[in-house]
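Next up, work02.pdb (PDB, C-alpha atoms):
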```
ATOM      1  CA  MET W 868       7.832 -15.171  -2.285
ATOM      2  CA  SER W 869       4.080 -14.733  -1.911
ATOM      3  CA  ALA W 870       1.512 -15.964  -4.370
ATOM      4  CA  GLY W 871       0.723 -12.377  -5.267
ATOM      5  CA  ALA W 872       4.300 -11.642  -6.257
ATOM      6  CA  SER W 873       4.270 -14.517  -8.755
ATOM      7  CA  ILE W 874       1.143 -13.340 -10.599
ATOM      8  CA  PRO W 875       1.871 -11.413 -13.840
ATOM      9  CA  TYR W 876       1.618  -7.664 -13.265
ATOM     10  CA  HIS W 877      -1.143  -7.109 -15.822
ATOM     11  CA  LEU W 878      -3.395  -9.626 -14.009
ATOM     12  CA  ARG W 879      -3.003  -8.119 -10.533
ATOM     13  CA  THR W 880      -6.098  -5.912 -10.703
ATOM     14  CA  ALA W 881      -6.320  -5.258  -6.959
ATOM     15  CA  LYS W 882      -2.637  -4.296  -6.849
ATOM     16  CA  MET W 883      -3.109  -1.999  -9.828
ATOM     17  CA  ALA W 884      -6.083  -0.329  -8.159
ATOM     18  CA  ASP W 885      -4.226  -0.005  -4.852
ATOM     19  CA  ARG W 886      -1.332   1.682  -6.655
ATOM     20  CA  SER W 887      -3.719   4.102  -8.355
ATOM     21  CA  PHE W 888      -5.426   4.910  -5.061
ATOM     22  CA  PHE W 889      -2.039   5.668  -3.484
ATOM     23  CA  VAL W 890      -1.186   8.080  -6.295
ATOM     24  CA  GLU W 891      -4.636   9.628  -5.862
ATOM     25  CA  LEU W 892      -3.799  10.139  -2.181
ATOM     26  CA  LEU W 893      -0.573  11.882  -3.193
ATOM     27  CA  ARG W 894      -2.474  14.034  -5.683
ATOM     28  CA  ARG W 895      -4.831  15.142  -2.920
ATOM     29  CA  LEU W 896      -1.903  15.812  -0.583
ATOM     30  CA  GLU W 897      -0.596  18.259  -3.169
ATOM     31  CA  ARG W 898      -3.420  20.566  -2.075
ATOM     32  CA  VAL W 899      -1.650  20.733   1.283
ATOM     33  CA  ARG W 900       2.032  20.364   0.375
ATOM     34  CA  ARG W 901       4.032  20.725  -2.827
ATOM     35  CA  LEU W 902       5.404  17.351  -3.857
ATOM     36  CA  ASP W 903       7.150  18.138  -7.137
ATOM     37  CA  ASP W 904      10.456  18.703  -5.308
ATOM     38  CA  TYR W 905      10.189  15.417  -3.390
ATOM     39  CA  VAL W 906      12.095  12.272  -4.300
ATOM     40  CA  TYR W 907       9.963   9.193  -4.919
ATOM     41  CA  ALA W 908      11.600   5.862  -4.032
ATOM     42  CA  SER W 909      10.355   2.285  -4.151
ATOM     43  CA  MET W 910      11.370  -1.216  -5.190
ATOM     44  CA  GLY W 911       9.290  -0.762  -8.315
ATOM     45  CA  GLY W 912       9.650  -4.205  -9.841
ATOM     46  CA  TYR W 913      10.737  -4.558 -13.437
ATOM     47  CA  PRO W 914       7.726  -2.657 -14.965
ATOM     48  CA  MET W 915       8.209   0.340 -12.606
ATOM     49  CA  ALA W 916       4.458   0.942 -12.806
ATOM     50  CA  ASP W 917       4.307   3.191  -9.745
ATOM     51  CA  HIS W 918       7.199   5.350 -10.977
ATOM     52  CA  HIS W 919       5.481   5.811 -14.334
ATOM     53  CA  ARG W 920       2.229   6.816 -12.649
ATOM     54  CA  VAL W 921       3.847   9.097 -10.063
ATOM     55  CA  HIS W 922       5.711  10.950 -12.803
ATOM     56  CA  ARG W 923       2.694  11.152 -15.120
ATOM     57  CA  VAL W 924       0.197  12.312 -12.482
ATOM     58  CA  LEU W 925       2.380  14.368 -10.132
ATOM     59  CA  GLY W 926       5.245  15.445 -12.367
ATOM     60  CA  ILE W 927       7.859  14.226  -9.880
ATOM     61  CA  LYS W 928      11.233  13.956 -11.630
ATOM     62  CA  ARG W 929      13.391  12.799  -8.739
ATOM     63  CA  LEU W 930      12.681   9.093  -9.123
ATOM     64  CA  PHE W 931      14.671   6.330  -7.422
ATOM     65  CA  CYS W 932      14.147   2.599  -7.907
ATOM     66  CA  PHE W 933      16.098  -0.264  -6.360
ATOM     67  CA  ASP W 934      16.261  -4.042  -6.265
ATOM     68  CA  GLU W 935      18.782  -6.597  -5.074
ATOM     69  CA  ASP W 936      18.488  -8.632  -8.294
ATOM     70  CA  PRO W 937      20.804  -7.313 -11.052
ATOM     71  CA  LYS W 938      18.555  -8.735 -13.781
ATOM     72  CA  THR W 939      15.579  -6.820 -12.399
ATOM     73  CA  VAL W 940      17.636  -3.627 -12.199
ATOM     74  CA  ALA W 941      18.666  -4.083 -15.836
ATOM     75  CA  ARG W 942      15.003  -4.266 -16.840
ATOM     76  CA  GLN W 943      14.229  -1.237 -14.690
ATOM     77  CA  LYS W 944      16.858   0.777 -16.532
ATOM     78  CA  PHE W 945      15.165  -0.148 -19.800
ATOM     79  CA  ASN W 946      11.608   0.526 -18.557
ATOM     80  CA  LYS W 947      12.215   3.700 -16.534
ATOM     81  CA  PRO W 948       9.771   6.537 -17.285
ATOM     82  CA  ILE W 949      12.357   9.304 -17.802
ATOM     83  CA  PRO W 950      16.107   9.312 -18.509
ATOM     84  CA  ASP W 951      16.901  10.886 -15.126
ATOM     85  CA  CYS W 952      15.187   8.107 -13.155
ATOM     86  CA  LYS W 953      17.844   6.366 -11.061
ATOM     87  CA  CYS W 954      17.942   2.567 -10.734
ATOM     88  CA  ALA W 955      20.265   0.974  -8.185
ATOM     89  CA  GLU W 956      21.234  -2.545  -7.173
ATOM     90  CA  LEU W 957      20.526  -2.447  -3.437
ATOM     91  CA  THR W 958      18.919  -4.563  -0.765
ATOM     92  CA  THR W 959      16.115  -2.981   1.227
ATOM     93  CA  GLU W 960      18.328  -3.169   4.317
ATOM     94  CA  GLU W 961      21.045  -1.167   2.556
ATOM     95  CA  PHE W 962      18.554   1.433   1.360
ATOM     96  CA  VAL W 963      16.798   2.074   4.686
ATOM     97  CA  SER W 964      20.136   2.359   6.505
ATOM     98  CA  ASP W 965      20.815   5.667   4.731
ATOM     99  CA  PRO W 966      18.332   6.731   2.022
ATOM    100  CA  ALA W 967      20.040  10.107   1.571
ATOM    101  CA  TYR W 968      23.333   8.381   0.777
ATOM    102  CA  ALA W 969      21.572   6.124  -1.744
ATOM    103  CA  TYR W 970      20.007   9.127  -3.470
ATOM    104  CA  ARG W 971      23.235  11.124  -3.645
ATOM    105  CA  ARG W 972      25.271   8.151  -4.806
ATOM    106  CA  ALA W 973      22.778   7.697  -7.654
ATOM    107  CA  GLY W 974      23.010  11.379  -8.615
ATOM    108  CA  ILE W 975      19.976  12.888  -6.849
ATOM    109  CA  LEU W 976      21.616  15.741  -4.970
ATOM    110  CA  ASP W 977      18.749  17.821  -3.578
ATOM    111  CA  TRP W 978      15.139  17.258  -2.508
ATOM    112  CA  GLU W 979      12.539  18.848  -0.237
ATOM    113  CA  GLY W 980      11.213  15.572   1.136
ATOM    114  CA  GLN W 981      10.831  11.914   0.309
ATOM    115  CA  ILE W 982       8.006   9.554  -0.581
ATOM    116  CA  VAL W 983       9.059   5.955   0.067
ATOM    117  CA  TRP W 984       7.071   2.792  -0.583
ATOM    118  CA  LEU W 985       8.353  -0.404   1.049
ATOM    119  CA  ASP W 986       6.428  -3.131  -0.778
ATOM    120  CA  TYR W 987       6.910  -6.454   1.011
ATOM    121  CA  THR W 988       5.261  -9.746   0.032
ATOM    122  CA  ARG W 989       6.899 -12.617   1.952
ATOM    123  CA  PRO W 990       4.873 -13.676   5.022
ATOM    124  CA  GLY W 991       7.846 -15.242   6.805
ATOM    125  CA  GLU W 992       9.878 -12.023   7.005
ATOM    126  CA  LEU W 993       7.593  -9.811   9.076
ATOM    127  CA  GLY W 994      10.186  -9.156  11.778
ATOM    128  CA  GLN W 995      12.760  -8.028   9.223
ATOM    129  CA  ASN W 996      10.150  -5.941   7.391
ATOM    130  CA  VAL W 997       9.133  -4.055  10.535
ATOM    131  CA  GLU W 998      12.764  -3.574  11.583
ATOM    132  CA  GLU W 999      13.555  -2.027   8.189
ATOM    133  CA  PHE W1000      10.475   0.189   8.495
ATOM    134  CA  VAL W1001      11.721   1.474  11.862
ATOM    135  CA  ARG W1002      15.179   2.178  10.431
ATOM    136  CA  LEU W1003      13.633   4.085   7.532
ATOM    137  CA  LEU W1004      11.547   6.241   9.876
ATOM    138  CA  ALA W1005      14.676   7.093  11.846
ATOM    139  CA  ALA W1006      16.003   8.678   8.641
ATOM    140  CA  CYS W1007      12.805  10.637   7.940
ATOM    141  CA  ASP W1008      12.098  14.337   8.337
ATOM    142  CA  HIS W1009       8.980  16.437   8.779
ATOM    143  CA  GLY W1010       6.604  16.001   5.856
ATOM    144  CA  ASP W1011       8.052  12.738   4.536
ATOM    145  CA  ILE W1012       5.442  10.277   3.270
ATOM    146  CA  ILE W1013       5.931   6.572   3.930
ATOM    147  CA  ARG W1014       3.956   3.584   2.687
ATOM    148  CA  ILE W1015       4.463  -0.029   3.713
ATOM    149  CA  THR W1016       2.770  -3.120   2.291
ATOM    150  CA  LEU W1017       2.797  -6.342   4.324
ATOM    151  CA  ASN W1018       1.488  -9.846   3.761
ATOM    152  CA  ALA W1019      -1.727 -10.051   5.814
ATOM    153  CA  ASN W1020      -2.672 -13.651   5.084
ATOM    154  CA  GLU W1021      -3.090 -15.143   8.548
ATOM    155  CA  ARG W1022      -2.957 -18.673   7.120
ATOM    156  CA  ALA W1023       0.543 -18.049   5.775
ATOM    157  CA  ILE W1024       1.959 -17.449   9.254
ATOM    158  CA  LYS W1025       4.351 -20.206  10.261
ATOM    159  CA  GLY W1026       3.154 -22.888  12.668
ATOM    160  CA  GLY W1027      -0.229 -23.813  11.218
ATOM    161  CA  SER W1028       0.244 -27.540  10.574
ATOM    162  CA  ASP W1029      -2.746 -29.403   9.122
ATOM    163  CA  LYS W1030      -2.513 -31.956  11.937
ATOM    164  CA  LEU W1031      -3.331 -29.370  14.597
ATOM    165  CA  SER W1032      -6.722 -28.197  15.804
ATOM    166  CA  LYS W1033      -7.855 -24.676  14.924
ATOM    167  CA  ALA W1034      -7.027 -23.425  18.416
ATOM    168  CA  GLU W1035      -3.578 -25.033  18.286
ATOM    169  CA  LYS W1036      -2.879 -23.486  14.874
ATOM    170  CA  LEU W1037      -3.827 -20.037  16.136
ATOM    171  CA  ALA W1038      -1.678 -20.463  19.241
ATOM    172  CA  ARG W1039       1.384 -21.524  17.234
ATOM    173  CA  ARG W1040       0.922 -18.767  14.679
ATOM    174  CA  PHE W1041       0.591 -16.192  17.435
ATOM    175  CA  ALA W1042       3.712 -17.559  19.134
ATOM    176  CA  TRP W1043       5.640 -17.163  15.871
ATOM    177  CA  LEU W1044       4.312 -13.612  15.566
ATOM    178  CA  GLU W1045       5.486 -12.818  19.092
ATOM    179  CA  GLY W1046       8.923 -14.126  18.195
ATOM    180  CA  GLU W1047       9.082 -11.819  15.164
ATOM    181  CA  VAL W1048       7.607  -8.552  16.459
ATOM    182  CA  GLY W1049       6.857  -9.222  20.127
ATOM    183  CA  GLN W1050       8.004  -5.792  21.301
ATOM    184  CA  TYR W1051       5.331  -4.134  19.148
ATOM    185  CA  ILE W1052       2.378  -6.460  19.786
ATOM    186  CA  PRO W1053      -0.290  -4.828  22.000
ATOM    187  CA  GLU W1054      -0.808  -6.393  25.419
ATOM    188  CA  ASP W1055      -4.463  -7.142  24.686
ATOM    189  CA  ALA W1056      -3.721  -8.989  21.410
ATOM    190  CA  LYS W1057      -4.758 -12.648  21.343
ATOM    191  CA  PRO W1058      -4.433 -15.654  19.003
ATOM    192  CA  VAL W1059      -8.096 -15.247  18.022
ATOM    193  CA  ASP W1060      -7.137 -11.933  16.388
ATOM    194  CA  LEU W1061      -5.522 -13.880  13.552
ATOM    195  CA  THR W1062      -8.479 -13.743  11.173
ATOM    196  CA  GLU W1063      -9.052 -12.204   7.750
ATOM    197  CA  ILE W1064     -10.226  -8.970   9.366
ATOM    198  CA  GLY W1065      -8.356  -9.200  12.653
ATOM    199  CA  PHE W1066      -4.820  -9.739  11.319
ATOM    200  CA  PRO W1067      -4.681  -6.513   9.233
ATOM    201  CA  ALA W1068      -6.027  -4.639  12.270
ATOM    202  CA  LEU W1069      -3.260  -6.171  14.395
ATOM    203  CA  LEU W1070      -0.660  -5.255  11.764
ATOM    204  CA  ALA W1071      -1.888  -1.655  11.878
ATOM    205  CA  ARG W1072      -1.372  -1.596  15.656
ATOM    206  CA  ILE W1073       2.092  -3.128  15.223
ATOM    207  CA  ILE W1074       3.026  -0.477  12.652
ATOM    208  CA  ARG W1075       1.731   2.260  14.954
ATOM    209  CA  ALA W1076       3.819   0.941  17.857
ATOM    210  CA  ALA W1077       6.898   0.605  15.638
ATOM    211  CA  ALA W1078       6.458   4.174  14.385
ATOM    212  CA  ALA W1079       6.158   5.429  17.961
ATOM    213  CA  ASP W1080       9.335   3.548  18.846
ATOM    214  CA  ALA W1081      11.183   5.194  15.964
ATOM    215  CA  LEU W1082       9.949   8.779  16.258
ATOM    216  CA  GLY W1083       7.748   9.102  19.341
ATOM    217  CA  ASN W1084       4.013   8.963  19.941
ATOM    218  CA  GLU W1085       1.730  10.707  17.432
ATOM    219  CA  THR W1086       4.637  11.834  15.240
ATOM    220  CA  VAL W1087       3.625   9.504  12.419
ATOM    221  CA  ARG W1088       0.036  10.094  11.323
ATOM    222  CA  PRO W1089      -2.000   7.592   9.281
ATOM    223  CA  LEU W1090      -3.315   8.700   5.900
ATOM    224  CA  SER W1091      -4.861   5.586   4.381
ATOM    225  CA  LEU W1092      -4.963   1.970   5.585
ATOM    226  CA  VAL W1093      -6.300  -0.672   3.188
ATOM    227  CA  ARG W1094      -6.453  -4.436   2.791
ATOM    228  CA  TYR W1095      -6.995  -6.308  -0.453
ATOM    229  CA  ALA W1096      -6.440  -9.666  -2.134
ATOM    230  CA  ASP W1097      -3.367 -10.008  -4.360
ATOM    231  CA  GLY W1098      -3.019 -13.774  -4.536
ATOM    232  CA  GLN W1099      -2.922 -13.504  -0.740
ATOM    233  CA  GLN W1100      -4.411 -10.798   1.457
ATOM    234  CA  MET W1101      -2.189  -7.735   1.739
ATOM    235  CA  PHE W1102      -2.228  -4.784   4.129
ATOM    236  CA  ALA W1103      -0.953  -1.360   3.052
ATOM    237  CA  ALA W1104      -0.439   1.639   5.321
ATOM    238  CA  SER W1105       0.276   5.141   4.026
ATOM    239  CA  MET W1106       1.397   7.699   6.590
ATOM    240  CA  ILE W1107       3.055  11.079   6.985
ATOM    241  CA  VAL W1108       5.766  12.224   9.394
ATOM    242  CA  ASP W1109       4.569  15.244  11.378
ATOM    243  CA  LYS W1110       7.206  16.509  13.787
ATOM    244  CA  GLY W1111       5.100  19.495  14.765
ATOM    245  CA  ASP W1112       7.138  22.090  12.907
ATOM    246  CA  PRO W1113       5.234  25.367  13.577
ATOM    247  CA  GLU W1114       6.584  26.897  10.376
ATOM    248  CA  ARG W1115       5.462  23.932   8.249
ATOM    249  CA  PRO W1116       2.195  22.655   9.728
ATOM    250  CA  ILE W1117       0.501  19.673   8.116
ATOM    251  CA  GLU W1118      -3.227  20.290   7.770
ATOM    252  CA  LEU W1119      -5.057  17.244   6.461
ATOM    253  CA  GLY W1120      -8.568  18.688   6.604
ATOM    254  CA  LYS W1121      -8.862  18.789   2.818
ATOM    255  CA  LEU W1122      -8.546  14.998   2.729
ATOM    256  CA  ARG W1123     -11.544  14.321   4.966
ATOM    257  CA  ALA W1124     -14.019  13.853   2.119
ATOM    258  CA  TRP W1125     -11.924  11.077   0.541
ATOM    259  CA  SER W1126     -13.405   7.576   0.814
ATOM    260  CA  LEU W1127     -10.101   5.884   1.657
ATOM    261  CA  LEU W1128      -8.878   8.343   4.287
ATOM    262  CA  SER W1129      -7.952   6.740   7.614
ATOM    263  CA  SER W1130      -8.249   9.270  10.423
ATOM    264  CA  THR W1131      -7.166   6.661  12.988
ATOM    265  CA  TRP W1132      -5.026   3.525  12.997
ATOM    266  CA  SER W1133      -8.144   1.390  13.389
ATOM    267  CA  GLU W1134      -9.855   2.643  10.221
ATOM    268  CA  ILE W1135      -8.936   0.027   7.611
ATOM    269  CA  HIS W1136     -10.691   0.010   4.239
ATOM    270  CA  PRO W1137     -11.280  -3.333   2.486
ATOM    271  CA  ILE W1138     -10.703  -3.015  -1.258
ATOM    272  CA  LYS W1139     -12.556  -5.532  -3.391
ATOM    273  CA  ILE W1140     -11.993  -5.069  -7.107
ATOM    274  CA  ALA W1141     -13.924  -6.482 -10.038
ATOM    275  CA  ALA W1142     -11.789  -7.717 -12.950
ATOM    276  CA  LEU W1143     -13.542  -6.314 -16.030
ATOM    277  CA  THR W1144     -13.152  -7.003 -19.731
ATOM    278  CA  SER W1145     -12.980  -4.027 -22.088
ATOM    279  CA  ARG W1146     -16.661  -4.391 -22.977
ATOM    280  CA  GLU W1147     -17.724  -4.583 -19.324
ATOM    281  CA  ARG W1148     -15.481  -1.660 -18.480
ATOM    282  CA  ASP W1149     -17.036   0.485 -21.220
ATOM    283  CA  LEU W1150     -20.547  -0.210 -19.925
ATOM    284  CA  VAL W1151     -19.609   0.657 -16.341
ATOM    285  CA  ALA W1152     -17.918   3.839 -17.577
ATOM    286  CA  ARG W1153     -21.140   4.863 -19.358
ATOM    287  CA  LEU W1154     -23.436   4.087 -16.422
ATOM    288  CA  VAL W1155     -21.426   5.502 -13.522
ATOM    289  CA  PRO W1156     -22.044   9.218 -14.235
ATOM    290  CA  SER W1157     -25.803   8.889 -14.681
ATOM    291  CA  LEU W1158     -27.096   6.181 -12.311
ATOM    292  CA  ARG W1159     -27.392   5.856  -8.553
ATOM    293  CA  PRO W1160     -25.370   2.927  -7.114
ATOM    294  CA  GLU W1161     -28.536   0.885  -6.474
ATOM    295  CA  LYS W1162     -29.724   1.374 -10.043
ATOM    296  CA  LEU W1163     -26.262   0.645 -11.421
ATOM    297  CA  ALA W1164     -26.053  -2.619  -9.490
ATOM    298  CA  SER W1165     -29.491  -3.774 -10.657
ATOM    299  CA  ASP W1166     -29.035  -2.749 -14.312
ATOM    300  CA  LEU W1167     -25.705  -4.465 -14.916
ATOM    301  CA  PRO W1168     -26.283  -7.489 -17.200
ATOM    302  CA  PHE W1169     -23.405  -9.342 -15.528
ATOM    303  CA  ASP W1170     -22.163  -9.978 -12.002
ATOM    304  CA  PRO W1171     -18.882  -8.064 -11.555
ATOM    305  CA  PHE W1172     -18.014 -10.042  -8.427
ATOM    306  CA  ASP W1173     -18.857 -13.560  -9.665
ATOM    307  CA  GLY W1174     -21.456 -14.346  -7.025
ATOM    308  CA  THR W1175     -19.344 -13.366  -4.017
ATOM    309  CA  MET W1176     -21.507 -10.301  -3.288
ATOM    310  CA  SER W1177     -25.264  -9.720  -3.341
ATOM    311  CA  ARG W1178     -26.785  -6.940  -5.452
ATOM    312  CA  ALA W1179     -27.306  -4.954  -2.254
ATOM    313  CA  GLN W1180     -23.638  -5.405  -1.335
ATOM    314  CA  ILE W1181     -22.579  -4.378  -4.846
ATOM    315  CA  ALA W1182     -24.701  -1.234  -4.539
ATOM    316  CA  GLU W1183     -23.183  -0.513  -1.126
ATOM    317  CA  HIS W1184     -19.721  -1.023  -2.602
ATOM    318  CA  PHE W1185     -20.437   1.408  -5.456
ATOM    319  CA  SER W1186     -21.931   3.919  -3.018
ATOM    320  CA  LYS W1187     -19.021   3.818  -0.579
ATOM    321  CA  TYR W1188     -16.375   4.161  -3.260
ATOM    322  CA  GLN W1189     -18.290   6.218  -5.814
ATOM    323  CA  ASP W1190     -15.550   8.820  -6.097
ATOM    324  CA  LEU W1191     -13.091   5.992  -6.879
ATOM    325  CA  LEU W1192     -15.106   4.378  -9.663
ATOM    326  CA  ARG W1193     -13.471   6.637 -12.214
ATOM    327  CA  PHE W1194     -10.429   4.404 -11.807
ATOM    328  CA  TYR W1195     -12.331   1.427 -13.234
ATOM    329  CA  PRO W1196     -11.757   2.334 -16.913
ATOM    330  CA  ASP W1197      -7.975   2.406 -16.718
ATOM    331  CA  VAL W1198      -6.879  -0.008 -14.003
ATOM    332  CA  LEU W1199      -9.331  -2.875 -13.968
ATOM    333  CA  VAL W1200      -9.017  -4.491 -17.375
ATOM    334  CA  VAL W1201      -8.329  -8.178 -17.964
ATOM    335  CA  ASP W1202      -8.774  -9.196 -21.615
TER
END
```
Could you render the structure as structure tokens?
Amino acid sequence: MSAGASIPYHLRTAKMADRSFFVELLRRLERVRRLDDYVYASMGGYPMADHHRVHRVLGIKRLFCFDEDPKTVARQKFNKPIPDCKCAELTTEEFVSDPAYAYRRAGILDWEGQIVWLDYTRPGELGQNVEEFVRLLAACDHGDIIRITLNANERAIKGGSDKLSKAEKLARRFAWLEGEVGQYIPEDAKPVDLTEIGFPALLARIIRAAAADALGNETVRPLSLVRYADGQQMFAASMIVDKGDPERPIELGKLRAWSLLSSTWSEIHPIKIAALTSRERDLVARLVPSLRPEKLASDLPFDPFDGTMSRAQIAEHFSKYQDLLRFYPDVLVVD
């Protein structure tokens, strides 16, 4: 299990923000496609935070949550947002083999499409994760929305012994990667790609190749690709299946003004989140509507990023994600 998975949910501010941004993406997609008749499925964890938010923001009632741990499933049944939310004891492998069967067995008998989030954390299971992603896509239809989260900490890749030189570590890590997902690694990929920025970019190319293998070139379109720190660096890719149905075209033009839209598989947005106390949060909430990002950054009486960013970088951050700052009051609180 990754370091991020062991951190208490209420302290995982970047994960909370990432979840909110995903739901915001879905909310914007509603301008293009109706989602209230979709089924939403994910592992959920015991708090089922994404299910609560999806139901509250989008009104989706066909909710499906699964986990292989019976104790976690028991907590899910207690914490589920609505009585009709279905919680099942399943492995991810069992679920992706036949999602429709899993839904019907749980009592969800009809749906217009599916939104599925595969949220992986373990760095040593990349090959299995990608294989399950491919199997899920094989069961997808036009308009289905898929999201996958992968561990993107290059230092967690197997083979990097402390006794080796940097070049030797990179070579061994890359060799392990080839053993896991070699059929999807681009021909021009190299060991030097295994950096904080380079590894998420390589994962995006791997996911693109895997999607093409499952459904053909350009059938799966990227919506939003992000990387963020959650104990370890994570990479999350949201995408939509577009099989070119002339009667149900997918027009994503209305998403183009969104800061976290990824028009291509190479457009990855780094998400850096400040952990704010209630008092700090209230001040930011008051200043955001009235001040330019530069003025906001200079007027704050505290450093929201603890010295890891200059004032100019903070201003640039606020400017780039200004339409996302409204999420600060409700997702970025650590008291």
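Atom CA of Met883 of chain W is positioned 28.8 Å from atom CA of Asp1008 of chain W.
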### Query
Hey, what's within 8 Å of segment 895-903 of chain W if we count all atoms listed in the file and toss same-chain stuff fewer than 4 positions away? As a PyMOL selection string, please?
chain W and resi 891+925-928+980+1117-1119+1121-1122
Padding 5 Å on each side, edges along x, y and z: where is the centre of the box around the listed atoms of segment 979-994 of chain W, and how long are its edges in Å to one decimal? Output it as lines of an AutoDock Vina configuration file.
```
center_x = 8.7
center_y = 1.8
center_z = 5.5
size_x = 17.7
size_y = 44.1
size_z = 22.6
```
### Task
Evaluate the PyMOL selection byres ((chain W and resi 918) around 12) on the structure here and hand back the selected residues as a ChimeraX atom specification.
/W:886-887,889-890,906-917,919-933,943,946-949,951-954,982-984
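One distance worth recording is that between atom CA of Leu1070 of chain W and atom CA of Asp885 of chain W, which is 17.8 Å.
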Give one line per residue of segment 1083-1166 of chain W that approaches segment 985-996 of chain W to at most 12 Å, naming the two atoms of the closest pair and their distance in Å to one decimal, counting only C-alpha atoms; sort by chain then ascending residue number and deliver it as CSV.
```
residue,atom,partner,partner_atom,distance
W:Ala1096,CA,W:Thr988,CA,11.9
W:Asp1097,CA,W:Thr988,CA,9.7
W:Gly1098,CA,W:Thr988,CA,10.3
W:Gln1099,CA,W:Thr988,CA,9.0
W:Gln1100,CA,W:Thr988,CA,9.8
W:Met1101,CA,W:Thr988,CA,7.9
W:Phe1102,CA,W:Tyr987,CA,9.8
W:Ala1103,CA,W:Asp986,CA,8.5
W:Ala1104,CA,W:Leu985,CA,10.0
W:Ser1105,CA,W:Leu985,CA,10.2
```
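Computed from the coordinates, the atom CA of Phe888 of chain W to atom CA of Ala955 of chain W distance equals 26.2 Å.
For the choices W:Asp904, W:Asp1166, W:Asp1029, W:Glu1134, the atom-to-atom distance to Arg1072 of chain W is smallest for W:Glu1134 when using all atoms listed in the file.
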### Task
May I have the residues within 7 Å of Glu935 of chain W as a list of chain:residue names, using all atoms listed in the file and disregarding those fewer than 5 positions away in the same chain?
W:Glu956, W:Leu957, W:Thr958
#### Entry: Option closest in space to Leu1150 of chain W, from W:Pro1089, W:Pro1137, W:Pro1168, W:Gly1120 [counting only C-alpha atoms]
W:Pro1168
### Task
Using all atoms listed in the file, find the one residue out of W:Ile1024, W:Trp978, W:Ser1165, W:Ala884 that sits nearest to Ser1177 of chain W.
W:Ser1165
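Proximity to Thr1062 of chain W was assessed for W:Glu1047, W:Ala1077, W:Leu1037, W:Glu1085 counting all atoms listed in the file; the smallest distance is recorded for W:Leu1037.
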Identify, on the basis of only C-alpha atoms, every residue whose closest approach to Ala1038 of chain W does not exceed 10 Å; exclude the query and any residue fewer than 6 positions from it along the same chain; express the result as a tab-separated table (two decimals) with C-alpha atoms, in the coordinates of the input.
```
chain	number	residue	atom	x	y	z
W	1026	GLY	CA	3.15	-22.89	12.67
W	1027	GLY	CA	-0.23	-23.81	11.22
W	1032	SER	CA	-6.72	-28.20	15.80
W	1044	LEU	CA	4.31	-13.61	15.57
W	1057	LYS	CA	-4.76	-12.65	21.34
W	1058	PRO	CA	-4.43	-15.65	19.00
W	1059	VAL	CA	-8.10	-15.25	18.02
W	1061	LEU	CA	-5.52	-13.88	13.55
```
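For the choices W:Ala1081, W:Lys1036, W:Ser1129, W:Leu1167, the atom-to-atom distance to Arg1022 of chain W is smallest for W:Lys1036 when using only C-alpha atoms.
Under the PyMOL selection byres ((chain W and resi 963-975) around 7), the matching residues in the shown file are Arg929, Lys953, Thr959, Glu960, Glu961, Phe962, Leu976, Asp977, Glu999, Arg1002, Leu1003 and Ala1006 of chain W.
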Given the PyMOL selection byres ((chain W and resi 1141) around 8) and the file above, list the residues it selects as a PDB file with C-alpha atoms, in the coordinates of the input.
```pdb
ATOM      1  CA  THR W 880      -6.098  -5.912 -10.703  1.00  0.00           C
ATOM      2  CA  LYS W1139     -12.556  -5.532  -3.391  1.00  0.00           C
ATOM      3  CA  ILE W1140     -11.993  -5.069  -7.107  1.00  0.00           C
ATOM      4  CA  ALA W1142     -11.789  -7.717 -12.950  1.00  0.00           C
ATOM      5  CA  LEU W1143     -13.542  -6.314 -16.030  1.00  0.00           C
ATOM      6  CA  PRO W1171     -18.882  -8.064 -11.555  1.00  0.00           C
ATOM      7  CA  PHE W1172     -18.014 -10.042  -8.427  1.00  0.00           C
ATOM      8  CA  LEU W1199      -9.331  -2.875 -13.968  1.00  0.00           C
TER       9      LEU W1199
END
```
